[in-house]
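Enquirer: Below you will find the structure I want to go over with you.
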Amino acid sequence: MKKFAAVLLLLTSANVSAWCDHHNQIGEIPYKINSSYFGQKSAKQLDAIVDAAQSKSTDGYLILEYQLNTKEIDNINDPKAKQERRKYNRWLADRRIKRVKDYLQAKQVNSPILSRLRTTANKASRSVTVHECTSDSHSSTFKANAE
């Protein structure tokens, strides 16, 4: 219960980044190019995650992670175009994470949901990865980000 209260306090007080060393990847929600909508197959995957979370009596949390591909931007020579692409990619990543989070919340998942945007990824990926961190993961890390 203390861990849940700490997570809740951090979520309401600052921009938070969280990670735990011992996590389980429990889902991967793929997206088409330039889209923030996931398909029916992904919705079924998220429904299974909700069902699993509802059946557990842990005080863990979910982390939604998205990796921005920085190599694509590095190949753009025009500084203005590079900045616009960076801005668009960040907007799209935030929107993709929000869609997954909103879906899980609408289904009333009983675990706190945190998001993590990795801005130094070097591989092309258009998926939101869902990780589960449980109370058994004593090496959880929370950091308040100053943005």
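FYI, nothing fancy with the structure tokens labels: chains A, B, ... in order, residues from 1 per chain, ligands from 1 as they appear.
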So that I can see what lies close to range 66-78 of chain A, please list as number ranges by chain the residues with an atom at most 9 Å from it, counting only C-alpha atoms and leaving out residues fewer than 2 positions away in the same chain.
Expert: A: 64, 80-83, 85-86, 89-90, 93-94, 96-97, 115-129
Enquirer: Restricting it to N, CA, C and O atoms, dump the selection as an mmCIF file, in the first residue's frame.
Expert:
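Result file is out-v3.cif:
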```
data_model
loop_
_atom_site.group_PDB
_atom_site.id
_atom_site.type_symbol
_atom_site.label_atom_id
_atom_site.label_comp_id
_atom_site.auth_asym_id
_atom_site.auth_seq_id
_atom_site.Cartn_x
_atom_site.Cartn_y
_atom_site.Cartn_z
ATOM 1 N N LEU A 64 3.881 1.969 -19.778
ATOM 2 C CA LEU A 64 3.715 2.013 -21.228
ATOM 3 C C LEU A 64 4.954 2.690 -21.789
ATOM 4 O O LEU A 64 5.244 3.832 -21.449
ATOM 5 N N LYS A 80 15.440 23.187 -39.797
ATOM 6 C CA LYS A 80 14.015 23.421 -39.561
ATOM 7 C C LYS A 80 13.199 22.149 -39.792
ATOM 8 O O LYS A 80 12.309 21.810 -39.009
ATOM 9 N N ALA A 81 13.511 21.441 -40.858
ATOM 10 C CA ALA A 81 12.829 20.182 -41.155
ATOM 11 C C ALA A 81 13.107 19.145 -40.065
ATOM 12 O O ALA A 81 12.213 18.384 -39.677
ATOM 13 N N LYS A 82 14.334 19.139 -39.570
ATOM 14 C CA LYS A 82 14.705 18.218 -38.496
ATOM 15 C C LYS A 82 13.892 18.513 -37.234
ATOM 16 O O LYS A 82 13.370 17.591 -36.588
ATOM 17 N N GLN A 83 13.761 19.779 -36.892
ATOM 18 C CA GLN A 83 12.991 20.183 -35.713
ATOM 19 C C GLN A 83 11.510 19.834 -35.870
ATOM 20 O O GLN A 83 10.876 19.349 -34.932
ATOM 21 N N ARG A 85 10.233 17.441 -37.758
ATOM 22 C CA ARG A 85 10.102 15.982 -37.692
ATOM 23 C C ARG A 85 10.184 15.501 -36.247
ATOM 24 O O ARG A 85 9.411 14.646 -35.816
ATOM 25 N N ARG A 86 11.106 16.065 -35.495
ATOM 26 C CA ARG A 86 11.255 15.716 -34.077
ATOM 27 C C ARG A 86 9.956 16.036 -33.317
ATOM 28 O O ARG A 86 9.471 15.233 -32.531
ATOM 29 N N ASN A 89 7.167 13.549 -34.411
ATOM 30 C CA ASN A 89 7.387 12.216 -33.841
ATOM 31 C C ASN A 89 7.033 12.177 -32.357
ATOM 32 O O ASN A 89 6.452 11.206 -31.874
ATOM 33 N N ARG A 90 7.388 13.222 -31.635
ATOM 34 C CA ARG A 90 7.072 13.295 -30.203
ATOM 35 C C ARG A 90 5.558 13.370 -30.002
ATOM 36 O O ARG A 90 4.998 12.696 -29.143
ATOM 37 N N ALA A 93 4.099 9.921 -30.750
ATOM 38 C CA ALA A 93 4.421 8.980 -29.676
ATOM 39 C C ALA A 93 3.537 9.226 -28.459
ATOM 40 O O ALA A 93 2.983 8.284 -27.876
ATOM 41 N N ASP A 94 3.390 10.488 -28.077
ATOM 42 C CA ASP A 94 2.525 10.822 -26.932
ATOM 43 C C ASP A 94 1.088 10.393 -27.190
ATOM 44 O O ASP A 94 0.408 9.880 -26.302
ATOM 45 N N ARG A 96 0.044 7.965 -29.204
ATOM 46 C CA ARG A 96 -0.045 6.498 -29.180
ATOM 47 C C ARG A 96 -0.096 5.989 -27.742
ATOM 48 O O ARG A 96 -0.907 5.108 -27.413
ATOM 49 N N ILE A 97 0.766 6.528 -26.896
ATOM 50 C CA ILE A 97 0.757 6.116 -25.486
ATOM 51 C C ILE A 97 -0.587 6.473 -24.852
ATOM 52 O O ILE A 97 -1.174 5.675 -24.113
ATOM 53 N N SER A 115 3.972 6.151 -17.940
ATOM 54 C CA SER A 115 4.490 6.073 -19.299
ATOM 55 C C SER A 115 5.959 6.445 -19.323
ATOM 56 O O SER A 115 6.443 7.192 -18.475
ATOM 57 N N ARG A 116 6.635 5.895 -20.307
ATOM 58 C CA ARG A 116 8.066 6.133 -20.478
ATOM 59 C C ARG A 116 8.328 6.320 -21.966
ATOM 60 O O ARG A 116 8.050 5.429 -22.771
ATOM 61 N N LEU A 117 8.865 7.464 -22.311
ATOM 62 C CA LEU A 117 9.193 7.756 -23.699
ATOM 63 C C LEU A 117 10.704 7.745 -23.826
ATOM 64 O O LEU A 117 11.386 8.576 -23.242
ATOM 65 N N ARG A 118 11.213 6.767 -24.563
ATOM 66 C CA ARG A 118 12.663 6.663 -24.754
ATOM 67 C C ARG A 118 13.032 7.461 -25.995
ATOM 68 O O ARG A 118 12.578 7.170 -27.079
ATOM 69 N N THR A 119 13.879 8.455 -25.800
ATOM 70 C CA THR A 119 14.214 9.363 -26.895
ATOM 71 C C THR A 119 15.558 9.056 -27.532
ATOM 72 O O THR A 119 16.018 9.800 -28.379
ATOM 73 N N THR A 120 16.175 7.969 -27.164
ATOM 74 C CA THR A 120 17.485 7.644 -27.721
ATOM 75 C C THR A 120 17.500 6.277 -28.400
ATOM 76 O O THR A 120 18.541 5.672 -28.527
ATOM 77 N N ALA A 121 16.357 5.815 -28.822
ATOM 78 C CA ALA A 121 16.297 4.515 -29.475
ATOM 79 C C ALA A 121 16.910 4.580 -30.865
ATOM 80 O O ALA A 121 16.747 5.552 -31.586
ATOM 81 N N ASN A 122 17.620 3.546 -31.235
ATOM 82 C CA ASN A 122 18.248 3.485 -32.549
ATOM 83 C C ASN A 122 17.609 2.455 -33.461
ATOM 84 O O ASN A 122 18.105 2.185 -34.538
ATOM 85 N N LYS A 123 16.517 1.875 -33.017
ATOM 86 C CA LYS A 123 15.837 0.909 -33.878
ATOM 87 C C LYS A 123 14.453 1.426 -34.225
ATOM 88 O O LYS A 123 13.832 2.160 -33.452
ATOM 89 N N ALA A 124 14.015 1.089 -35.386
ATOM 90 C CA ALA A 124 12.700 1.519 -35.839
ATOM 91 C C ALA A 124 11.634 0.664 -35.157
ATOM 92 O O ALA A 124 11.665 -0.557 -35.246
ATOM 93 N N SER A 125 10.733 1.313 -34.451
ATOM 94 C CA SER A 125 9.638 0.621 -33.797
ATOM 95 C C SER A 125 8.442 1.556 -33.750
ATOM 96 O O SER A 125 8.593 2.748 -33.472
ATOM 97 N N ARG A 126 7.273 1.020 -34.027
ATOM 98 C CA ARG A 126 6.060 1.814 -33.937
ATOM 99 C C ARG A 126 5.102 1.155 -32.958
ATOM 100 O O ARG A 126 3.896 1.126 -33.175
ATOM 101 N N SER A 127 5.627 0.633 -31.870
ATOM 102 C CA SER A 127 4.806 -0.084 -30.907
ATOM 103 C C SER A 127 4.908 0.541 -29.522
ATOM 104 O O SER A 127 5.961 1.032 -29.131
ATOM 105 N N VAL A 128 3.796 0.481 -28.797
ATOM 106 C CA VAL A 128 3.802 0.790 -27.375
ATOM 107 C C VAL A 128 3.950 -0.545 -26.659
ATOM 108 O O VAL A 128 3.155 -1.461 -26.876
ATOM 109 N N THR A 129 4.989 -0.662 -25.866
ATOM 110 C CA THR A 129 5.238 -1.885 -25.119
ATOM 111 C C THR A 129 4.659 -1.732 -23.720
ATOM 112 O O THR A 129 4.861 -0.702 -23.073
#
```
Enquirer: Name all residues at most 9 Å from Asn34 in chain A (count only C-alpha atoms; drop same-chain ones fewer than 2 positions away) and give them as a list of chain:residue names.
Expert: A:Tyr31, A:Lys32, A:Ser36, A:Asn89, A:Leu92
Enquirer: Provide the CA of Lys107 in chain A to CA of Thr134 in chain A distance in Å, to one decimal place.
Expert: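 According to the coordinates, CA of Lys107 in chain A and CA of Thr134 in chain A are separated by 20.0 Å.
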Enquirer: Among range 19-127 of chain A, which ones does DSSP place in alpha helix (DSSP H), written as a ChimeraX atom specification?
Expert: /A:40-55,70-74,79-106
Enquirer: Residues as selected, C-alpha atoms, written as a PDB file, in the first residue's frame, can you do that?
Expert:
```pdb
ATOM      1  CA  GLN A  40      -8.947  -4.981 -33.074  1.00  0.00           C
ATOM      2  CA  LYS A  41      -6.197  -7.545 -32.489  1.00  0.00           C
ATOM      3  CA  SER A  42      -4.423  -5.060 -30.198  1.00  0.00           C
ATOM      4  CA  ALA A  43      -7.687  -4.281 -28.404  1.00  0.00           C
ATOM      5  CA  LYS A  44      -8.075  -7.985 -27.620  1.00  0.00           C
ATOM      6  CA  GLN A  45      -4.497  -8.040 -26.322  1.00  0.00           C
ATOM      7  CA  LEU A  46      -5.258  -5.055 -24.066  1.00  0.00           C
ATOM      8  CA  ASP A  47      -8.462  -6.755 -22.860  1.00  0.00           C
ATOM      9  CA  ALA A  48      -6.367  -9.767 -21.820  1.00  0.00           C
ATOM     10  CA  ILE A  49      -3.993  -7.440 -19.937  1.00  0.00           C
ATOM     11  CA  VAL A  50      -6.956  -5.876 -18.108  1.00  0.00           C
ATOM     12  CA  ASP A  51      -8.366  -9.306 -17.230  1.00  0.00           C
ATOM     13  CA  ALA A  52      -4.999 -10.441 -15.895  1.00  0.00           C
ATOM     14  CA  ALA A  53      -4.518  -7.248 -13.887  1.00  0.00           C
ATOM     15  CA  GLN A  54      -8.021  -7.513 -12.384  1.00  0.00           C
ATOM     16  CA  SER A  55      -7.416 -11.093 -11.267  1.00  0.00           C
ATOM     17  CA  THR A  70      16.457   9.084 -33.601  1.00  0.00           C
ATOM     18  CA  LYS A  71      18.413   7.699 -36.575  1.00  0.00           C
ATOM     19  CA  GLU A  72      15.661   8.755 -38.964  1.00  0.00           C
ATOM     20  CA  ILE A  73      15.977  12.366 -37.790  1.00  0.00           C
ATOM     21  CA  ASP A  74      19.778  12.357 -37.910  1.00  0.00           C
ATOM     22  CA  PRO A  79      17.600  22.176 -39.278  1.00  0.00           C
ATOM     23  CA  LYS A  80      14.015  23.421 -39.561  1.00  0.00           C
ATOM     24  CA  ALA A  81      12.829  20.182 -41.155  1.00  0.00           C
ATOM     25  CA  LYS A  82      14.705  18.218 -38.496  1.00  0.00           C
ATOM     26  CA  GLN A  83      12.991  20.183 -35.713  1.00  0.00           C
ATOM     27  CA  GLU A  84       9.561  19.741 -37.319  1.00  0.00           C
ATOM     28  CA  ARG A  85      10.102  15.982 -37.692  1.00  0.00           C
ATOM     29  CA  ARG A  86      11.255  15.716 -34.077  1.00  0.00           C
ATOM     30  CA  LYS A  87       8.161  17.636 -32.931  1.00  0.00           C
ATOM     31  CA  TYR A  88       5.819  15.478 -35.039  1.00  0.00           C
ATOM     32  CA  ASN A  89       7.387  12.216 -33.841  1.00  0.00           C
ATOM     33  CA  ARG A  90       7.072  13.295 -30.203  1.00  0.00           C
ATOM     34  CA  TRP A  91       3.434  14.311 -30.726  1.00  0.00           C
ATOM     35  CA  LEU A  92       2.637  10.979 -32.397  1.00  0.00           C
ATOM     36  CA  ALA A  93       4.421   8.980 -29.676  1.00  0.00           C
ATOM     37  CA  ASP A  94       2.525  10.822 -26.932  1.00  0.00           C
ATOM     38  CA  ARG A  95      -0.736  10.232 -28.771  1.00  0.00           C
ATOM     39  CA  ARG A  96      -0.045   6.498 -29.180  1.00  0.00           C
ATOM     40  CA  ILE A  97       0.757   6.116 -25.486  1.00  0.00           C
ATOM     41  CA  LYS A  98      -2.351   8.113 -24.555  1.00  0.00           C
ATOM     42  CA  ARG A  99      -4.577   5.886 -26.691  1.00  0.00           C
ATOM     43  CA  VAL A 100      -3.346   2.761 -24.873  1.00  0.00           C
ATOM     44  CA  LYS A 101      -3.611   4.435 -21.464  1.00  0.00           C
ATOM     45  CA  ASP A 102      -7.125   5.734 -22.190  1.00  0.00           C
ATOM     46  CA  TYR A 103      -8.228   2.279 -23.343  1.00  0.00           C
ATOM     47  CA  LEU A 104      -6.891   0.621 -20.192  1.00  0.00           C
ATOM     48  CA  GLN A 105      -8.481   3.262 -17.960  1.00  0.00           C
ATOM     49  CA  ALA A 106     -11.822   2.963 -19.763  1.00  0.00           C
TER      50      ALA A 106
END
```
Enquirer: If you run DSSP on this backbone, which residues of range 27-60 of chain A come out as strand (DSSP E), and could you give them as a list of chain:residue names?
Expert: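 Result set for range 27-60 of chain A (strand (DSSP E)): A:Gly27, A:Glu28, A:Ile29, A:Pro30.
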Enquirer: Those selected residues, please, written with N, CA and C atoms and delivered as a PDB file, in the first residue's frame.
Expert:
```pdb
ATOM      1  N   GLY A  27       2.789  -7.093 -23.170  1.00  0.00           N
ATOM      2  CA  GLY A  27       2.083  -6.747 -24.398  1.00  0.00           C
ATOM      3  C   GLY A  27       2.877  -5.812 -25.276  1.00  0.00           C
ATOM      4  N   GLU A  28       2.533  -5.815 -26.552  1.00  0.00           N
ATOM      5  CA  GLU A  28       3.139  -4.895 -27.511  1.00  0.00           C
ATOM      6  C   GLU A  28       2.060  -4.501 -28.511  1.00  0.00           C
ATOM      7  N   ILE A  29       1.762  -3.203 -28.537  1.00  0.00           N
ATOM      8  CA  ILE A  29       0.677  -2.687 -29.354  1.00  0.00           C
ATOM      9  C   ILE A  29       1.268  -1.983 -30.575  1.00  0.00           C
ATOM     10  N   PRO A  30       1.194  -2.606 -31.749  1.00  0.00           N
ATOM     11  CA  PRO A  30       1.793  -2.015 -32.958  1.00  0.00           C
ATOM     12  C   PRO A  30       0.871  -0.977 -33.607  1.00  0.00           C
TER      13      PRO A  30
END
```
Enquirer: Let me make sure I understand: among A:Leu62, A:Phe38, A:Leu114, A:Gln108, which one has the smallest atom-to-atom distance to Gln25 in chain A if we use only C-alpha atoms?
Expert: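 Nearest candidate to Gln25 in chain A out of A:Leu62, A:Phe38, A:Leu114, A:Gln108: A:Leu62.
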